[in-house]
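These notes are about the structure you will find just below.
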Amino acid sequence: MMDLRDLYQDIILDHGRHPRNFGPLPDPSHLAHGHNPLCGDTVTIFVRLRDDRIAEVSFEGKGCAISTASASLMTEVMLNKTLAEAQALFAHFHTLATGGATGGLTGGAPGLPPGLEEEGDRLEPLAGVKAYPARVKCATLAWHTLEAAVRGGGTVVKTE
Amino acid sequence: MMDLRDLYQDIILDHGRHPRNFGPLPDPSHLAHGHNPLCGDTVTIFVRLRDDRIAEVSFEGKGCAISTASASLMTEVMLNKTLAEAQALFAHFHTLATGGATGGLTGGAPGLPPGLEEEGDRLEPLAGVKAYPARVKCATLAWHTLEAAVRGGGTVVKTE
Amino acid sequence: MSVLIQERPMVARADGGAFDPVVIRRQFPVFERNPGLVFLDTAASAQKPAAVIDGLAEYYRTDYANVHRGVYGLSARSTARFEAARERVARFLNAADASEIVFVRGATEGINLVAQAWGLAFLKPGDQVLVSELEHHSNIVPWQMLRDRLGIELVVAPIDAGGGLDLEAFAHLLTPRTKLVAMTHVANVTGGLVPVERVVDLAHACGAKVLLDGCQAVPRLPVDVRALDCDFYVFSGHKCYGPTGIGVLYAKRAVLDAMPPWQGGGDMIRTVTFAKTTYQDAPQRFEAGTPDIAGAIGLGLALDFMDGLGMAAIRDHEAALTDHARDALLAVPGVTLIGADGPGLGVVSFQVDGIHPHDLATIFDRHDVAIRAGHHCAQPLMDRLGVVATARASFGVYSDEDDVAALVAAVRAAQRLFGLTSAR
Amino acid sequence: MSVLIQERPMVARADGGAFDPVVIRRQFPVFERNPGLVFLDTAASAQKPAAVIDGLAEYYRTDYANVHRGVYGLSARSTARFEAARERVARFLNAADASEIVFVRGATEGINLVAQAWGLAFLKPGDQVLVSELEHHSNIVPWQMLRDRLGIELVVAPIDAGGGLDLEAFAHLLTPRTKLVAMTHVANVTGGLVPVERVVDLAHACGAKVLLDGCQAVPRLPVDVRALDCDFYVFSGHKCYGPTGIGVLYAKRAVLDAMPPWQGGGDMIRTVTFAKTTYQDAPQRFEAGTPDIAGAIGLGLALDFMDGLGMAAIRDHEAALTDHARDALLAVPGVTLIGADGPGLGVVSFQVDGIHPHDLATIFDRHDVAIRAGHHCAQPLMDRLGVVATARASFGVYSDEDDVAALVAAVRAAQRLFGLTSAR
Ligand SMILES: Cc1ncc(COP(=O)(O)O)c(C=O)c1O
Ligand SMILES: Cc1ncc(COP(=O)(O)O)c(C=O)c1O
């Protein structure tokens with residue numbers, strides 16, 4: 001039996017119960033809604049971009065511990081990142097959570113540009129989800145929604 | 001193995017190949033079309049009733065040996081019968097061909113009124129069909145069609 | 001509860017013994033192959049007894065051929081078995097005639113058939129279809145699609161505070177414009193028994209026809225469509241221990257006779273020319289193409305299996321186990337039941353404070369307890385109850401109090417993992 | 001013949017041996033259970049190999065649960081197997097993506113889906129659907145129903161004197177009003193191969209979409225939907241050694257994306273409120289309700305079985321046996337072949353002077369030879385050929401020259417019984 005603690009690490013439970021950056025931004029420059037039709041979970045991501053940099057980011061929604069913790073950790077690591085850095089973190093996270101569906105030779109931290117190592121480490125607790133295929137979408141929902149928000153805004157994203 | 005000769009008796013083959021009373025009546029008082037949608041066989045029955053008596057009867061159509069012989073034998077036994085006698089013959093034939101679905105304690109000739117014994121005997125060769133459930137409808141098509149003709153006329157009958 | 005259900009004489013088990021899930025479970029190979037499995041998702045789909053699995057295989061080995069058109073022996077045998085399955089279903093539902101049984105893929109296809117064949121033919125703009133807040137998406141979406149196509153109205157009867165149908169509100173919503181009432185017999189989220197006899201009486205008094213969704217009822221209680229007097233009844237084979245791919249639409253013969261066909265093809269026609277085609281009578285008119293022959297035969301075997309246990313015995317078992325599960329869950333601090341005020345049959349929905357149902361399901365799975373978490377294809381009901389998702393445990397003939405004990409233990413384990421035990 | 005068929009590299013048999021129907025037959029339990037059976041009705045439905053029968057049973061025993069919604073292990077396994085079957089079908093047809101594969105009950109449902117979802121959305125009064133005189137009722141009646149509903153026109157491409165599609169006449173019937181060409185790939189009455197590559201080219205040049213009915217083709221030759229470039233392709237699982245209740249609609253992804261749903265229910269929705277419902281992407285949008293999970297998995301096993309033998313080898317076998325059967329039947333005085341001028345695959349229709357096909361089938365059955373007699377769900381073709389019915393023998397991977405010899409012997413026996421031998 002896979003240890004449930006690999007998935008539900010203390011940091012996940014903590015962020016699940018006490019999400020950081022939770023609640024709407026008063027005046028976001030970008031926003032998107034995400035939705036997992038299989039379980040009904042929803043998330044809204046609020047972003048204020050300034051000069052191609054994520055000056056503020058927050059989220060709101062109803063979800064499980066995994067999706068809430070993933071969104072919360074995401075907002076922490078994304079704060080003050082340039083869009084290019086955000087893209088690199090997204091790719092890194094995707095590999096982490098899915099076991100490498102987007103490529104990357106190592107399971108660990110493929111292609112994280114120098115300077116983002118610390119952010120990579122902070123996302124590590126989310127790696128446990130890849131052993132739970134039915135839950136991967138819980139972890140990726142907020143990330144896909146953020147991507148949609150900064151790319152255009154206003155789109156409804158879904159993960160299935 | 002059931003002997004095919006029980007079904008394809010000489011009298012059946014003969015009537016199948018050389019049907020009696022084949023071809024339209026010039027001026028029928030009653031007429032009906034019959035159709036077996038499973039195989040595409042068709043039959044038309046022509047009747048001239050005079051004083052509740054079948055003064056003339058003929059048939060036309062495309063069908064197998066069983067359906068053609070059954071129609072041919074039917075026209076022979078029905079000629080000059082009253083409608084009541086025709087009804088009795090119909091009931092008798094139905095029991096003969098289906099093995100008694102309409103009742104009758106004996107498999108043979110239930111309730112044939114006196115005076116129709118000879119007709120009953122002439123239909124006997126059709127009894128072989130009841131061992132071939134897939135073919136019963138071939139045998140009954142003409143009979144159902146005749147019944148529809150004298151009851152109203154103009155109806156299309158089907159057996160399935 | 002007995003006022004809500006059709007009573008039939010108690011059917012003794014084939015072996016004359018008591019209803020013992022431990023013994024019954026031995027007839028289900030899945031439990032041998034998956035030792036330790038606590039399967040509590042029968043409402044989504046039931047496991048299959050060996051009689052069904054082996055009977056299906058045996059049919060393919062000995063009697064298989066296409067039906068209805070062959071003169072040869074194998075085809076005649078196959079046809080006889082297929083039509084015997086139709087008779088079997090008719091007997092099981094106490095339908096007046098086998099011709100009232102239309103084989104479909106499942107309840108969903110059955111409802112779509114009614115919406116698209118009966119609905120398109122008989123409904124006019126302004127007519128109303130009345131459903132309830134308890135419905136599965138399968139009994140909502142087809143009517144919405146029809147609404148958007150025809151300009152009819154979809155009216156929704158609310159639930160009461162206890163999570164059951166509000167019968168008084170329902171009665172008030174019936175008007176001469178109500179042409180069809182489409183309602184579940186047993187609710188798939190809550191297990192709640194809907195008083196369908198009253199629903200049918202009230203609807204008929206108003207001139208409306210009634211469709212009952214029996215997906216969760218047929219596996220759990222004796223159903224008598226003639227006593228119910230409903231116009232349509234649908235259910236899915238896979239939820240009552242039968243194979244996937246097969247289900248049933250029952251409709252009164254006069255109703256079927258008046259309906260145009262829905263799908264065109266082989267077997268449902270009488271004559272075809274390019275100019276004009278004429279159709280068969282019911283039920284063939286509604287079964288275009290080669291049917292799921294093995295599925296129908298397998299469904300017949302599943303009904304044999306259930307009747308062998310006795311539907312009254314099954315109902316009593318499901319009711320008792322449901323009551324027990326409700327009590328056992330409520331005894332755990334932090335657990336809330338959803339819509340469990342009225343009589344319930346085979347299904348318990350619940351929530352655990354501080355743990356999302358999705359997390360519960362994952363944690364339970366690691367304890368070999370299989371439940372469902374989510375909206376259970378009933379998003380409108382979720383919205384009405386103000387929840388995003390629930391955890392749902394559901395029972396079958398193989399479920400027993402040990403399964404409930406495992407469920408409760410899993411809840412406690414989840415609470416420990418989430419550090420919630422000391423909170424109380 | 002090779003110009004008509006997509007060539008693939010010859011696939012060696014799994015055991016490396018030659019294609020030997022006697023050996024293959026041992027994998028089909030029906031022949032063990034029915035010793036002496038000469039089964040010549042594979043075009044109506046194929047018998048099932050043990051790999052399919054046992055694989056189905058094994059799935060129910062070990063991995064069964066409903067798909068797509070469960071978090072627990074059993075459901076995840078079941079979902080993985082179901083979706084792997086979709087990938088399997090995609091690979092078998094060489095589709096670009098598994099999302100282009102929609103599971104349906106069979107070819108008939110697939111065609112009805114296209115007629116009622118694509119047709120209702122995209123056809124206008126005056127538009128034309130072009131079929132051929134060779135079609136099965138399943139590829140006629142859905143278009144007639146659509147014609148009567150929408151006021152479109154149904155145009156019929158004639159056959160030539162040899163019983164094949166008259167390609168020149170077909171080309172002349174194409175107009176800018178032709179929006180869809182719906183045509184069989186291999187004709188079910190005659191076994192005739194339709195030059196579908198030319199049909200697709202000509203139709204596309206005219207701006208029409210093309211639906212191919214692959215019911216008789218998929219069991220008999222390598223099919224590559226991307227090389228064919230057809231827009232829709234349908235087939236039935238039960239005709240290619242798979243279970244009943246399952247079939248496939250392939251459509252190009254862009255075509256599926258543009259189509260509205262047909263049936264409503266669970267699994268095909270994204271969000272549901274009583275006011276408004278949003279739908280999933282293809283293929284889920286077209287799979288309302290619980291699918292025939294076991295059927296899809298069984299179909300995957302059947303495709304494995306066929307690929308194990310090699311589709312090129314199967315094609316060569318069917319072609320050679322068909323040629324042999326045509327020759328052997330023609331050598332019997334009084335026998336006429338129907339529509340057998342062109343290349344044929346797996347099906348031979350014939351008549352015997354002085355004996356109705358129905359009588360032939362009964363007599364053959366007493367000699368353990370199972371054939372079909374009737375209109376084969378192709379009444380318009382029968383009318384065109386000026387016959388009421390034909391006798392039809394059709395072959396599968398288990399058929400061989402001994403079966404043909406038994407068929408010929410049965411013809412002679414029928415002639416003797418009818419006293420027709422001395423007539424020549
Ligand atoms: C060419 C053709 N099209 C369509 C069909 C219909 O297939 P099904 O009855 O499996 O839907 C058949 C078989 O009966 C066929 O041979
Ligand atoms: C009450 C109810 N109705 C309809 C359905 C749909 O059944 P199916 O998916 O078998 O068509 C279900 C099961 O999912 C159900 O529980």
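Ligands are numbered from 1 in the order shown, chains are lettered A, B, ... in the order of the structure tokens, and residues start at 1 in each chain.
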
Would you kindly report the residues of chain A within 8 Å of chain C, using only C-alpha atoms, as JSON, numbers by chain? {"A": [1, 2, 4, 8, 13, 17, 38, 39, 40, 41, 62, 63, 64, 65, 66]}

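A distance search around ligand 2 (7 Å at most, only C-alpha atoms and all ligand atoms) returns the following protein and nucleic acid residues: Ala43, Ala44, Gly106, Ala107, Thr108, Glu109, Glu135, His136, Ser138, Asn139, Thr184, Val186, Ala187, Asn188, Asp213, Gly214, Cys215, Gln216, Ser236 and His238 of chain C; Gly266, Gly289 and Thr290 of chain D.
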
Show me a table, sorted first by chain and then by increasing residue number, of the residues of chain C having an atom at most 6 Å from chain D, each with its shortest atom pair and the distance in Å to one decimal, counting only C-alpha atoms and written as a tab-separated table.
residue	atom	partner	partner_atom	distance
C:Pro29	CA	D:Arg61	CA	5.1
C:Val30	CA	D:Arg61	CA	4.7
C:Arg33	CA	D:Thr62	CA	5.7
C:Ser45	CA	D:Asn66	CA	5.6
C:Ile53	CA	D:Ala57	CA	5.6
C:Ala57	CA	D:Ile53	CA	5.6
C:Arg61	CA	D:Val30	CA	4.8
C:Thr62	CA	D:Val30	CA	5.3
C:Asn66	CA	D:Ser45	CA	5.6
C:Gly70	CA	D:Arg372	CA	5.9
C:Tyr72	CA	D:Asp365	CA	5.1
C:Thr108	CA	D:Gly289	CA	5.2
C:Asn112	CA	D:Gln263	CA	5.9
C:His137	CA	D:Gly265	CA	5.1
C:Ser138	CA	D:Gly265	CA	3.6
C:Val141	CA	D:Gly264	CA	5.0
C:Pro142	CA	D:Gly264	CA	4.7
C:Thr244	CA	D:Asp292	CA	4.8
C:Gly245	CA	D:Asp292	CA	3.9
C:Gln263	CA	D:Asn112	CA	5.9
C:Gly264	CA	D:Pro142	CA	4.7
C:Gly265	CA	D:Ser138	CA	3.6
C:Gly266	CA	D:His137	CA	5.4
C:Val272	CA	D:Gln379	CA	5.9
C:Thr273	CA	D:Pro380	CA	5.3
C:Gly289	CA	D:Thr108	CA	5.3
C:Asp292	CA	D:Gly245	CA	3.9
C:Asp365	CA	D:Tyr72	CA	5.1
C:Ala370	CA	D:Tyr72	CA	5.5
C:Arg372	CA	D:Gly70	CA	5.9
C:Cys377	CA	D:Gly266	CA	5.9
C:Gln379	CA	D:Val272	CA	5.9
C:Pro380	CA	D:Thr273	CA	5.4

Shell around Val114 in chain C at 9 Å using only C-alpha atoms, local window under 4 positions removed, as a ChimeraX atom specification: /C:109-110,118-120,211,232,249,259,262

Interatomic distance, CA of Tyr233 in chain D to CA of Arg285 in chain D (Å, one decimal):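 We find that CA of Tyr233 in chain D and CA of Arg285 in chain D lie 17.8 Å from each other.
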
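Separating CA of Val181 in chain C from CA of Leu212 in chain C is a distance of 8.2 Å.
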
Please identify which residues in range 184-417 of chain D DSSP calls strand (DSSP E) from the backbone, and express them as a PyMOL selection string. chain D and resi 184+209-213+232-236+247-251+269-272+277-279+335-338+347-352+369-370+372-374+390-394

So how far away is CA of His30 in chain A from CA of Val57 in chain A, in Å? 9.4 Å

Can you list, as a PyMOL selection string, all residues belonging to chain A that DSSP tags as alpha helix (DSSP H)? chain A and resi 4-7+10-17+65-78+83-98+117-123+136-151

I'd like the neighbourhood of Leu146 in chain B as a ChimeraX atom specification, where a residue qualifies if any of its atoms comes within 8 Å (using only C-alpha atoms), though same-chain residues fewer than 2 positions away should be ignored. /B:31-32,45,142-144,148-150

With distances taken over only C-alpha atoms and all ligand atoms, which residue among D:Ser394, D:Gln280, D:Thr178, D:Thr79 lies nearest ligand 1?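 The answer is D:Ser394, which sits nearest to ligand 1.
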
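Residues with any atom within 10 Å of Phe46 in chain A, counting only C-alpha atoms and excluding same-chain neighbours fewer than 6 positions away, are A:Asn21, A:Phe22, A:Gly23, A:Pro24, A:Leu25, A:Pro26, A:Asp27, A:Pro28, A:Ser29, A:His30, A:Leu31, A:Ala32, A:His33, A:Glu56, A:Val57, A:Ser58, A:Phe59, A:Glu60, A:Thr75, A:Thr145, A:Leu146, A:Ala149, A:Val150, A:Gly153.
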
Writer output for current selection, N, CA and C atoms, as a PDB file, in the first residue's frame:
ATOM      1  N   ASN A  21      -3.119  33.530   0.113  1.00  0.00           N
ATOM      2  CA  ASN A  21      -3.591  34.353  -1.012  1.00  0.00           C
ATOM      3  C   ASN A  21      -4.998  33.937  -1.461  1.00  0.00           C
ATOM      4  N   PHE A  22      -5.850  33.719  -0.495  1.00  0.00           N
ATOM      5  CA  PHE A  22      -7.212  33.276  -0.789  1.00  0.00           C
ATOM      6  C   PHE A  22      -8.138  34.478  -0.756  1.00  0.00           C
ATOM      7  N   GLY A  23      -8.996  34.595  -1.734  1.00  0.00           N
ATOM      8  CA  GLY A  23      -9.927  35.718  -1.816  1.00  0.00           C
ATOM      9  C   GLY A  23      -9.649  36.539  -3.047  1.00  0.00           C
ATOM     10  N   PRO A  24     -10.650  37.277  -3.510  1.00  0.00           N
ATOM     11  CA  PRO A  24     -10.496  38.022  -4.770  1.00  0.00           C
ATOM     12  C   PRO A  24      -9.527  39.187  -4.639  1.00  0.00           C
ATOM     13  N   LEU A  25      -8.882  39.514  -5.745  1.00  0.00           N
ATOM     14  CA  LEU A  25      -8.179  40.794  -5.833  1.00  0.00           C
ATOM     15  C   LEU A  25      -9.222  41.838  -6.191  1.00  0.00           C
ATOM     16  N   PRO A  26      -9.127  43.025  -5.587  1.00  0.00           N
ATOM     17  CA  PRO A  26     -10.138  44.045  -5.883  1.00  0.00           C
ATOM     18  C   PRO A  26     -10.177  44.415  -7.362  1.00  0.00           C
ATOM     19  N   ASP A  27      -9.037  44.493  -7.993  1.00  0.00           N
ATOM     20  CA  ASP A  27      -9.057  45.061  -9.340  1.00  0.00           C
ATOM     21  C   ASP A  27      -8.078  44.329 -10.257  1.00  0.00           C
ATOM     22  N   PRO A  28      -8.354  43.081 -10.527  1.00  0.00           N
ATOM     23  CA  PRO A  28      -7.359  42.277 -11.254  1.00  0.00           C
ATOM     24  C   PRO A  28      -7.214  42.728 -12.699  1.00  0.00           C
ATOM     25  N   SER A  29      -6.016  42.610 -13.217  1.00  0.00           N
ATOM     26  CA  SER A  29      -5.835  42.886 -14.648  1.00  0.00           C
ATOM     27  C   SER A  29      -6.209  41.629 -15.458  1.00  0.00           C
ATOM     28  N   HIS A  30      -6.078  40.460 -14.842  1.00  0.00           N
ATOM     29  CA  HIS A  30      -6.421  39.207 -15.517  1.00  0.00           C
ATOM     30  C   HIS A  30      -7.154  38.296 -14.545  1.00  0.00           C
ATOM     31  N   LEU A  31      -8.047  37.481 -15.121  1.00  0.00           N
ATOM     32  CA  LEU A  31      -8.879  36.620 -14.290  1.00  0.00           C
ATOM     33  C   LEU A  31      -9.350  35.450 -15.139  1.00  0.00           C
ATOM     34  N   ALA A  32      -9.433  34.273 -14.547  1.00  0.00           N
ATOM     35  CA  ALA A  32     -10.048  33.148 -15.267  1.00  0.00           C
ATOM     36  C   ALA A  32     -10.717  32.207 -14.274  1.00  0.00           C
ATOM     37  N   HIS A  33     -11.743  31.548 -14.774  1.00  0.00           N
ATOM     38  CA  HIS A  33     -12.434  30.534 -13.975  1.00  0.00           C
ATOM     39  C   HIS A  33     -12.009  29.150 -14.428  1.00  0.00           C
ATOM     40  N   GLU A  56       0.570  40.778  -8.413  1.00  0.00           N
ATOM     41  CA  GLU A  56      -0.319  40.227  -7.383  1.00  0.00           C
ATOM     42  C   GLU A  56      -1.036  39.019  -7.959  1.00  0.00           C
ATOM     43  N   VAL A  57      -1.313  38.049  -7.087  1.00  0.00           N
ATOM     44  CA  VAL A  57      -2.053  36.870  -7.547  1.00  0.00           C
ATOM     45  C   VAL A  57      -2.805  36.273  -6.360  1.00  0.00           C
ATOM     46  N   SER A  58      -4.061  35.879  -6.614  1.00  0.00           N
ATOM     47  CA  SER A  58      -4.835  35.214  -5.554  1.00  0.00           C
ATOM     48  C   SER A  58      -5.831  34.249  -6.180  1.00  0.00           C
ATOM     49  N   PHE A  59      -6.491  33.488  -5.331  1.00  0.00           N
ATOM     50  CA  PHE A  59      -7.488  32.550  -5.878  1.00  0.00           C
ATOM     51  C   PHE A  59      -8.659  32.414  -4.918  1.00  0.00           C
ATOM     52  N   GLU A  60      -9.700  31.836  -5.455  1.00  0.00           N
ATOM     53  CA  GLU A  60     -10.921  31.617  -4.704  1.00  0.00           C
ATOM     54  C   GLU A  60     -11.566  30.366  -5.270  1.00  0.00           C
ATOM     55  N   THR A  75       0.202  30.217  -5.929  1.00  0.00           N
ATOM     56  CA  THR A  75       0.196  31.674  -5.766  1.00  0.00           C
ATOM     57  C   THR A  75       1.459  32.126  -5.044  1.00  0.00           C
ATOM     58  N   THR A 145      -5.689  27.204 -15.021  1.00  0.00           N
ATOM     59  CA  THR A 145      -6.531  28.397 -14.959  1.00  0.00           C
ATOM     60  C   THR A 145      -5.674  29.659 -14.945  1.00  0.00           C
ATOM     61  N   LEU A 146      -4.568  29.615 -14.197  1.00  0.00           N
ATOM     62  CA  LEU A 146      -3.647  30.761 -14.207  1.00  0.00           C
ATOM     63  C   LEU A 146      -3.109  31.005 -15.618  1.00  0.00           C
ATOM     64  N   ALA A 149      -5.609  32.683 -17.581  1.00  0.00           N
ATOM     65  CA  ALA A 149      -5.826  34.068 -17.138  1.00  0.00           C
ATOM     66  C   ALA A 149      -4.787  34.999 -17.755  1.00  0.00           C
ATOM     67  N   VAL A 150      -3.509  34.620 -17.656  1.00  0.00           N
ATOM     68  CA  VAL A 150      -2.489  35.547 -18.151  1.00  0.00           C
ATOM     69  C   VAL A 150      -2.426  35.538 -19.672  1.00  0.00           C
ATOM     70  N   GLY A 153      -7.434  35.826 -20.367  1.00  0.00           N
ATOM     71  CA  GLY A 153      -8.388  36.260 -19.347  1.00  0.00           C
ATOM     72  C   GLY A 153      -9.798  35.945 -19.769  1.00  0.00           C
TER      73      GLY A 153
END

Among the residues D:Ala169, D:Ala302, D:Leu337, D:Val347, the one that comes closest to ligand 1 [using only C-alpha atoms and all ligand atoms]: D:Val347
